[in-house]
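Enquirer: Next up is a structure, given as C-alpha cells.
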Amino acid sequence: MPKEQYRETYVGRKISHVTFNVDSATEIQQAAHIQVITKNLYAQDGQRVPASYGVLDRRMGTNQKDANCETCGLGLAECVGHYGYVELALPVFHVGYFRSIITILQTICKNCAKVMLPETIKKSFSRKFMHPELTYLHKKNLRAAVLKKAKTCTKCPYCES
C-alpha cells in the first residue's frame with residue numbers, strides 16, 4: 001500500500017462576504033472585564049499606581065514596561081488588552097456630526113422614517129442621484145434641493161402623520 005502524495009493546502013480562496021456590526025450595550029458589558037467607575041487616573045496615596053476601577057486599571061492591561069497585566073499576567077509587549085466599559089448618564093454625541101444629523105432629521109418622517117417627499121418627486125431625485133458622472137458640487141446641490149422640498153412637506157405622504 002503506497003503512501004498518499006502530499007498536496008499543498010495553501011490554495012487561494014475567494015472570500016464570499018465580510019460583515020461589520022456594532023455590539024449592543026449588554027454584549028459590551030458581557031465582554032468587559034471591569035466597569036470603569038472612578039474618574040481618577042491614579043490612586044490618591046502618592047504613589048503613581050493606577051486607580052482601581054479607573055481607566056488605567058491594570059486589569060484592562062498595563063501601560064508600563066515593568067508592570068504586568070492583572071488579568072492575564074503578561075507584560076506590556078505581550079498583553080493585547082482587555083475590555084472595560086463606562087456607563088454614561090446621558091448619551092454622548094460627536095460635535096462633527098450635529099449638522100448632518102439635524103439635516104437627516106429634517107428630511108425624514110419621525111414616525112415611519114421615510115423621506116418626506118411624494119413618490120414621484122422621490123423617484124426623479126433618485127434618478128438624478130444615480131447618474132454616474134455626477135460631480136461633488138452637483139450632488140451637494142441635489143441634497144440641498146431634497147432638504148428644501150422635504151422641509152416644506154408638513155404631512156408624511158406614507159403614514160399620514
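FYI, nothing fancy with the C-alpha cells labels: chains A, B, ... in order, residues from 1 per chain, ligands from 1 as they appear.
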Taking the DSSP assignment computed from this structure's backbone, write out as a ChimeraX atom specification all residues of chain A that belong to strand (DSSP E).
Expert: /A:34-35,84-85
Enquirer: Do you have, as JSON lines, the list of residues of region 60-113 of chain A lying at most 12 Å from region 127-144 of chain A, each with its nearest atom pair and that distance in Å to one decimal, counting only C-alpha atoms and ordered by chain then number?
Expert:
{"residue": "A:Ser100", "atom": "CA", "partner": "A:Arg143", "partner_atom": "CA", "distance": 11.3}
{"residue": "A:Thr103", "atom": "CA", "partner": "A:Ala144", "partner_atom": "CA", "distance": 9.5}
{"residue": "A:Ile104", "atom": "CA", "partner": "A:Arg143", "partner_atom": "CA", "distance": 10.4}
{"residue": "A:Gln106", "atom": "CA", "partner": "A:Ala144", "partner_atom": "CA", "distance": 11.6}
{"residue": "A:Thr107", "atom": "CA", "partner": "A:Arg143", "partner_atom": "CA", "distance": 10.1}
Enquirer: Output N, CA and C atoms for every residue in that selection, as a PDB file, in the first residue's frame.
Expert:
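Okay, out-v4.pdb is ready:
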ATOM      1  N   SER A 100     -25.129  67.109  10.132  1.00  0.00           N
ATOM      2  CA  SER A 100     -25.633  66.007   9.304  1.00  0.00           C
ATOM      3  C   SER A 100     -26.855  65.355   9.943  1.00  0.00           C
ATOM      4  N   THR A 103     -29.863  67.648   9.581  1.00  0.00           N
ATOM      5  CA  THR A 103     -30.342  67.619   8.194  1.00  0.00           C
ATOM      6  C   THR A 103     -31.147  66.361   7.915  1.00  0.00           C
ATOM      7  N   ILE A 104     -30.657  65.218   8.376  1.00  0.00           N
ATOM      8  CA  ILE A 104     -31.382  63.959   8.159  1.00  0.00           C
ATOM      9  C   ILE A 104     -32.720  63.989   8.879  1.00  0.00           C
ATOM     10  N   GLN A 106     -34.504  66.522   9.559  1.00  0.00           N
ATOM     11  CA  GLN A 106     -35.417  67.455   8.903  1.00  0.00           C
ATOM     12  C   GLN A 106     -36.015  66.873   7.622  1.00  0.00           C
ATOM     13  N   THR A 107     -35.385  65.865   7.041  1.00  0.00           N
ATOM     14  CA  THR A 107     -35.881  65.317   5.781  1.00  0.00           C
ATOM     15  C   THR A 107     -36.716  64.052   5.941  1.00  0.00           C
TER      16      THR A 107
END
Enquirer: Applying 8 Å and only C-alpha atoms, which residues near region 31-37 of chain A remain after dropping the ones on its own chain fewer than 6 positions away? List them as a PyMOL selection string.
Expert: chain A and resi 53-55+59-60+82-87
Enquirer: May I have the selected residues written with N, CA, C and O atoms, as a compact mmCIF listing (two decimals), in the first residue's frame?
Expert:
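That gives us selection31.txt:
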# COMPACT_ATOMS: atom_id res chain seq x y z
N TYR A 53 -10.55 50.41 39.34
CA TYR A 53 -11.77 50.71 38.60
C TYR A 53 -11.69 52.04 37.85
O TYR A 53 -12.70 52.66 37.55
N GLY A 54 -10.48 52.48 37.51
CA GLY A 54 -10.27 53.68 36.70
C GLY A 54 -9.91 53.28 35.28
O GLY A 54 -9.80 52.10 34.95
N VAL A 55 -9.68 54.29 34.45
CA VAL A 55 -9.39 53.98 33.03
C VAL A 55 -8.00 53.38 32.84
O VAL A 55 -7.73 52.78 31.79
N ARG A 59 -6.23 45.71 35.28
CA ARG A 59 -7.00 44.54 34.83
C ARG A 59 -7.38 44.66 33.36
O ARG A 59 -7.81 43.71 32.74
N MET A 60 -7.26 45.88 32.79
CA MET A 60 -7.52 46.07 31.36
C MET A 60 -6.23 46.07 30.55
O MET A 60 -6.23 46.36 29.37
N HIS A 82 -7.63 44.28 27.59
CA HIS A 82 -8.91 43.68 27.91
C HIS A 82 -9.96 44.78 28.01
O HIS A 82 -9.66 45.93 28.33
N TYR A 83 -11.22 44.41 27.76
CA TYR A 83 -12.30 45.39 27.72
C TYR A 83 -12.71 45.88 29.10
O TYR A 83 -12.70 45.15 30.07
N GLY A 84 -13.11 47.13 29.11
CA GLY A 84 -13.79 47.73 30.24
C GLY A 84 -14.90 48.59 29.66
O GLY A 84 -14.90 48.88 28.47
N TYR A 85 -15.86 48.98 30.47
CA TYR A 85 -16.93 49.82 29.94
C TYR A 85 -17.30 50.90 30.95
O TYR A 85 -17.06 50.79 32.13
N VAL A 86 -17.84 52.00 30.40
CA VAL A 86 -18.28 53.14 31.19
C VAL A 86 -19.77 53.30 30.96
O VAL A 86 -20.21 53.33 29.81
N GLU A 87 -20.54 53.39 32.03
CA GLU A 87 -21.96 53.67 31.89
C GLU A 87 -22.17 55.17 31.98
O GLU A 87 -21.77 55.80 32.95
